[in-house]
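Student: Please see the structure below; I have some questions.
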Amino acid sequence: MINKLLEAVKSKRKVLIQTHNNPDPDTIAAAFALKNLLNVTLKKRVTIAYMGIIGRAENREMVKLCKIDMHLMSKLNVARYDYLIVVDTQPGAGNVYDVKERRPDAIIDHHNIRAASSCSAFQDIRVHYGSTSTIVAEYYKTLNIIPDTNTATALYYGIKTDTFGTGRGNTQADMDMISYVYPYVSPGKLTKIETPDLPRYYFKNIKKAIEQSVIIDTVLLCDLGEVRNADLIAEMSDFLLRMRDIKCTFVVGKIEDTCFFSLRYKTSKKSVGHIAISIVKGIGYGGGHMKSAGGQVPLRKKTYEQVVGLLKTRLLMRMGVKNTEEKNI
Ligand SMILES: [Mn+2]
């Protein structure tokens, strides 16, 4: 696959790699490693672009310490790039900014294949892989290229957070590639990335999350209301999931005119990715993996409160919860 991509990029002047909105470590690492690979093999100058906010302190630390240069898509003149690669998402997925009248030339991803992706000339979509970073790490291995420290550290963290963390399970390929990059990782940088200083608003948000949580059966629901960035919603979902006797967390929040939600499940029994898709049917976008999912609903006809109510009802129905009595934590 990588040779086909290199062949396609060879004659191009300017390459743009686009991550998904509010980028997570997997999409950031995949974009960064691919950028460096195109630089090493073809001497290409590549730009990485994103939309939204890099919210999580861990992700900001990773961008800083691994020296990852990322630009806001809205500040770039996309027409000046003659090759567009999208990583860790696909057009129409709802979490990626679609450039008007511009289909990506290449898509590298590990989510379920979307119909619109067939319009792109190059597609490397491996739905059984735990992370997109695994795919890019394989490109290095295939070409016999040793990743530099920053690339290896980013790839390691990208693979880890999407697999061994709260993401989907991990396959043999994920384990092989995390082992492949491990000898070149900077342990010092990795420790700093995994335990960064956290801003005060993070702790304020924890306080709010605890106050707003209610338990129905084994599901914990939490409405954060207005939040600073989408990552905080996912962070609170992970945090609350550690509560004993809770099987599932559902955290919602509002950013500008959109209701975001995060859904987590302790085991892979329910495949929450599918649940996320079904609860937003007709009103928004959803997706994810076995234990972790999320989505968003644009607030057009319905108010935030109405959307939250609807999502909650649909979720409890999908989860088969009959006794809807609410308890405080
Ligand atoms: Mn991913």
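By convention in this document, the chains of the structure tokens carry letters A, B, ... by their order, each chain's residues are numbered from 1, and ligands are numbered from 1 in the order they are shown.
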Residues within 7 Å of ligand 1, counting only C-alpha atoms and all ligand atoms: report them as a PyMOL selection string.

Tutor: chain A and resi 26-27+88+110+131-132+162

Student: Quick one: residues within 12 Å of A:Tyr140, only C-alpha atoms, excluding same-chain residues fewer than 2 positions away - as a ChimeraX atom specification?

Tutor: /A:1-3,30,33-38,40-41,133-138,142-148,151-152,155,177,180-181

Student: Near A:Val99, counting only C-alpha atoms, which residues have an atom at most 12 Å away, once you skip same-chain residues fewer than 4 positions from it, shown as a list in words?

Tutor: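 Within the cut-off, the hits are Leu16, Gln18, Ala49, Tyr50, Met51, Met73, Ser74, Leu76, Asn77, Val78, Ala79, Tyr81, Leu84, Ile85, Val86, Pro91, Gly92, Arg103 and Pro104 of chain A.
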
Student: Using DSSP on the backbone coordinates, identify the residues of stretch 52-158 of chain A assigned to helix (DSSP H, G or I); present them as an NGL selection string.

Tutor: :A and (57-65 or 73-75 or 78-80 or 115-119 or 132-143 or 149-158)

Student: Write the residues you've just listed into a file as a CSV table (one decimal), in the first residue's frame, and include N, CA and C atoms for each of them.

Tutor:
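Result file follows (part_29.csv):
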chain,number,residue,atom,x,y,z
A,57,ALA,N,-4.9,17.9,28.0
A,57,ALA,CA,-3.5,18.3,28.3
A,57,ALA,C,-2.5,17.3,27.8
A,58,GLU,N,-2.8,16.0,27.8
A,58,GLU,CA,-1.9,15.0,27.3
A,58,GLU,C,-1.6,15.2,25.9
A,59,ASN,N,-2.6,15.6,25.1
A,59,ASN,CA,-2.4,15.8,23.7
A,59,ASN,C,-1.6,17.0,23.3
A,60,ARG,N,-1.9,18.0,24.2
A,60,ARG,CA,-1.1,19.3,24.0
A,60,ARG,C,0.3,19.1,24.3
A,61,GLU,N,0.6,18.3,25.3
A,61,GLU,CA,2.0,18.0,25.7
A,61,GLU,C,2.7,17.2,24.6
A,62,MET,N,1.9,16.2,24.0
A,62,MET,CA,2.5,15.4,23.0
A,62,MET,C,2.9,16.3,21.8
A,63,VAL,N,2.0,17.2,21.4
A,63,VAL,CA,2.3,18.1,20.3
A,63,VAL,C,3.5,19.0,20.6
A,64,LYS,N,3.6,19.4,21.8
A,64,LYS,CA,4.7,20.3,22.2
A,64,LYS,C,6.1,19.5,22.2
A,65,LEU,N,6.1,18.4,23.0
A,65,LEU,CA,7.3,17.7,23.2
A,65,LEU,C,7.8,16.9,21.9
A,73,MET,N,-7.0,24.5,9.8
A,73,MET,CA,-7.5,24.3,8.5
A,73,MET,C,-8.1,25.6,7.9
A,74,SER,N,-8.8,26.3,8.8
A,74,SER,CA,-9.5,27.5,8.4
A,74,SER,C,-8.6,28.7,8.1
A,75,LYS,N,-7.3,28.5,8.5
A,75,LYS,CA,-6.3,29.6,8.2
A,75,LYS,C,-5.5,29.3,7.0
A,78,VAL,N,-6.5,26.0,1.2
A,78,VAL,CA,-6.5,24.6,0.8
A,78,VAL,C,-6.3,24.4,-0.7
A,79,ALA,N,-6.8,25.3,-1.5
A,79,ALA,CA,-6.6,25.2,-2.9
A,79,ALA,C,-5.2,25.2,-3.4
A,80,ARG,N,-4.3,25.7,-2.5
A,80,ARG,CA,-2.9,25.7,-2.9
A,80,ARG,C,-2.2,24.3,-2.7
A,115,ALA,N,-19.5,5.1,2.3
A,115,ALA,CA,-19.7,5.1,0.9
A,115,ALA,C,-18.9,6.1,0.2
A,116,ALA,N,-18.9,7.3,0.8
A,116,ALA,CA,-18.2,8.5,0.1
A,116,ALA,C,-16.7,8.2,-0.1
A,117,SER,N,-16.1,7.3,0.7
A,117,SER,CA,-14.7,7.1,0.6
A,117,SER,C,-14.3,6.5,-0.8
A,118,SER,N,-15.2,5.9,-1.5
A,118,SER,CA,-14.9,5.2,-2.7
A,118,SER,C,-14.4,6.3,-3.8
A,119,CYS,N,-14.8,7.5,-3.6
A,119,CYS,CA,-14.4,8.6,-4.5
A,119,CYS,C,-12.9,8.9,-4.4
A,132,THR,N,-5.1,4.0,13.6
A,132,THR,CA,-4.5,4.4,12.3
A,132,THR,C,-3.0,4.5,12.4
A,133,SER,N,-2.5,4.8,13.6
A,133,SER,CA,-1.0,4.9,13.8
A,133,SER,C,-0.4,3.5,13.6
A,134,THR,N,-1.1,2.4,13.8
A,134,THR,CA,-0.6,1.1,13.5
A,134,THR,C,-0.3,0.9,12.0
A,135,ILE,N,-1.2,1.4,11.2
A,135,ILE,CA,-1.1,1.4,9.8
A,135,ILE,C,0.1,2.1,9.3
A,136,VAL,N,0.3,3.4,9.9
A,136,VAL,CA,1.4,4.2,9.4
A,136,VAL,C,2.7,3.6,9.9
A,137,ALA,N,2.7,3.0,11.1
A,137,ALA,CA,3.9,2.3,11.6
A,137,ALA,C,4.3,1.2,10.7
A,138,GLU,N,3.3,0.5,10.2
A,138,GLU,CA,3.6,-0.6,9.2
A,138,GLU,C,4.3,-0.1,8.0
A,139,TYR,N,3.9,1.1,7.6
A,139,TYR,CA,4.6,1.7,6.4
A,139,TYR,C,6.1,1.8,6.6
A,140,TYR,N,6.4,2.3,7.8
A,140,TYR,CA,7.9,2.4,8.2
A,140,TYR,C,8.5,1.1,8.1
A,141,LYS,N,7.9,0.1,8.7
A,141,LYS,CA,8.5,-1.3,8.7
A,141,LYS,C,8.6,-1.8,7.3
A,142,THR,N,7.6,-1.7,6.5
A,142,THR,CA,7.7,-2.1,5.1
A,142,THR,C,8.8,-1.5,4.4
A,143,LEU,N,9.1,-0.2,4.6
A,143,LEU,CA,10.1,0.5,3.9
A,143,LEU,C,11.5,0.4,4.6
A,149,THR,N,13.1,9.7,17.2
A,149,THR,CA,12.5,9.6,18.6
A,149,THR,C,11.1,10.3,18.7
A,150,ASN,N,11.0,11.5,18.1
A,150,ASN,CA,9.7,12.1,18.2
A,150,ASN,C,8.6,11.4,17.5
A,151,THR,N,8.9,10.8,16.4
A,151,THR,CA,7.9,10.1,15.6
A,151,THR,C,7.6,8.8,16.4
A,152,ALA,N,8.6,8.1,16.9
A,152,ALA,CA,8.3,6.8,17.6
A,152,ALA,C,7.5,7.1,18.8
A,153,THR,N,7.8,8.2,19.6
A,153,THR,CA,7.1,8.5,20.8
A,153,THR,C,5.6,8.8,20.5
A,154,ALA,N,5.4,9.6,19.4
A,154,ALA,CA,4.0,9.9,19.0
A,154,ALA,C,3.3,8.7,18.6
A,155,LEU,N,3.9,7.8,17.8
A,155,LEU,CA,3.2,6.6,17.3
A,155,LEU,C,2.9,5.7,18.5
A,156,TYR,N,3.8,5.6,19.4
A,156,TYR,CA,3.6,4.7,20.6
A,156,TYR,C,2.4,5.2,21.3
A,157,TYR,N,2.3,6.5,21.6
A,157,TYR,CA,1.2,7.0,22.4
A,157,TYR,C,-0.1,7.0,21.6
A,158,GLY,N,0.0,7.2,20.3
A,158,GLY,CA,-1.2,7.1,19.4
A,158,GLY,C,-1.8,5.7,19.4

Student: May I ask for the distance between atom CA of A:Arg126 and atom CA of A:Asp174, given in Å to one decimal place?

Tutor: 11.7 Å

Student: Could you make a table, as JSON lines, of the residues of stretch 181-217 of chain A that have an atom within 9 Å of an atom of stretch 232-254 of chain A, each with its nearest atom pair and distance in Å to one decimal, counting only C-alpha atoms, in chain and number order?

Tutor:
{"residue": "A:Tyr202", "atom": "CA", "partner": "A:Leu232", "partner_atom": "CA", "distance": 7.6}
{"residue": "A:Asn205", "atom": "CA", "partner": "A:Leu232", "partner_atom": "CA", "distance": 7.8}
{"residue": "A:Ile206", "atom": "CA", "partner": "A:Met236", "partner_atom": "CA", "distance": 6.9}
{"residue": "A:Ala209", "atom": "CA", "partner": "A:Met236", "partner_atom": "CA", "distance": 6.8}
{"residue": "A:Ile210", "atom": "CA", "partner": "A:Leu240", "partner_atom": "CA", "distance": 8.2}
{"residue": "A:Ser213", "atom": "CA", "partner": "A:Val251", "partner_atom": "CA", "distance": 8.7}
{"residue": "A:Ile215", "atom": "CA", "partner": "A:Ile246", "partner_atom": "CA", "distance": 8.3}
{"residue": "A:Asp217", "atom": "CA", "partner": "A:Ile246", "partner_atom": "CA", "distance": 8.4}

Student: I'd like the contact shell of A:Lys4 - 12 Å cut-off, only C-alpha atoms, skipping same-chain residues fewer than 6 positions apart - returned as a list in words.

Tutor: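 The filter keeps Lys10, Ala106, Ala121, Phe122, Gln123, Asp124 and Tyr139 of chain A.
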
Student: Let me make sure I understand: among A:Arg13, A:Lys322, A:His128, A:His111, which one has the smallest atom-to-atom distance to A:Tyr83 if we use only C-alpha atoms?

Tutor: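 Smallest separation from A:Tyr83 among the options: A:Arg13.
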
Student: Please, which residues of stretch 120-299 of chain A, numbered as in this document, come out strand (DSSP E) from DSSP, as JSON, numbers by chain?

Tutor: {"A": [122, 123, 124, 125, 213, 214, 215, 216, 219, 220, 221, 222, 223, 224, 225, 226, 248, 249, 250, 251, 252, 253, 254, 255, 258, 259, 260, 261, 262, 263, 264, 265, 285, 286, 287, 288, 292, 293, 294, 295, 296, 297, 298]}

Student: Using C-alpha atoms, can you export the residues from the last selection as a compact mmCIF listing (two decimals), in the first residue's frame?

Tutor:
# COMPACT_ATOMS: atom_id res chain seq x y z
CA PHE A 122 -6.12 5.85 -2.59
CA GLN A 123 -7.79 4.16 0.36
CA ASP A 124 -6.09 2.18 3.08
CA ILE A 125 -8.95 1.47 5.49
CA SER A 213 -24.15 12.85 37.61
CA VAL A 214 -27.17 10.61 38.09
CA ILE A 215 -27.30 6.83 38.07
CA ILE A 216 -30.00 4.83 36.34
CA VAL A 219 -25.69 3.61 33.61
CA LEU A 220 -24.19 6.88 34.78
CA LEU A 221 -25.56 9.97 33.01
CA CYS A 222 -23.93 13.35 33.25
CA ASP A 223 -24.96 16.64 31.67
CA LEU A 224 -22.08 19.11 31.77
CA GLY A 225 -23.97 21.91 30.01
CA GLU A 226 -21.64 24.47 28.41
CA CYS A 248 -21.63 2.53 31.22
CA THR A 249 -21.16 6.29 31.19
CA PHE A 250 -22.97 8.80 29.00
CA VAL A 251 -21.70 12.37 29.23
CA VAL A 252 -23.15 15.28 27.26
CA GLY A 253 -22.09 18.88 26.84
CA LYS A 254 -22.72 21.93 24.70
CA ILE A 255 -20.19 23.79 22.59
CA THR A 258 -23.66 21.62 18.97
CA CYS A 259 -24.48 18.97 21.55
CA PHE A 260 -21.55 16.57 21.97
CA PHE A 261 -21.71 13.25 23.76
CA SER A 262 -19.34 10.53 24.90
CA LEU A 263 -20.33 6.95 25.57
CA ARG A 264 -18.15 4.42 27.39
CA TYR A 265 -18.67 0.81 28.37
CA TYR A 285 -23.51 11.95 13.79
CA GLY A 286 -22.14 9.15 15.90
CA GLY A 287 -19.53 6.45 15.81
CA GLY A 288 -16.84 4.64 17.67
CA SER A 292 -15.73 3.82 23.44
CA ALA A 293 -17.92 6.01 21.25
CA GLY A 294 -19.08 9.55 20.75
CA GLY A 295 -21.05 11.84 18.56
CA GLN A 296 -22.61 15.20 18.00
CA VAL A 297 -25.98 16.73 17.22
CA PRO A 298 -26.21 20.18 15.61

Student: Restricting the calculation to only C-alpha atoms, which member of A:Asp98, A:Phe164, A:Asp105, A:Phe203 is positioned closest to A:Lys12?

Tutor: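 Checking each of A:Asp98, A:Phe164, A:Asp105, A:Phe203 against A:Lys12, counting only C-alpha atoms, the winner is A:Asp105.
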
Student: Could you check which of A:Tyr184, A:Arg56, A:His274, A:Lys67 is closest to A:Pro199, using only C-alpha atoms?

Tutor: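 Using only C-alpha atoms, the shortest distance to A:Pro199 belongs to A:Arg56.
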
Student: Residues near A:Gln90, anyone? I mean within 8 Å using only C-alpha atoms, not counting same-chain ones fewer than 3 positions away, as number ranges by chain.

Tutor: A: 86-87, 93, 96, 107, 109, 113-114, 116-117

Student: Using Å and a single decimal, report how far atom CA of A:Thr163 sits from atom CA of A:Ser186.

Tutor: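 Interatomic distance, atom CA of A:Ser186 to atom CA of A:Thr163: 20.0 Å.
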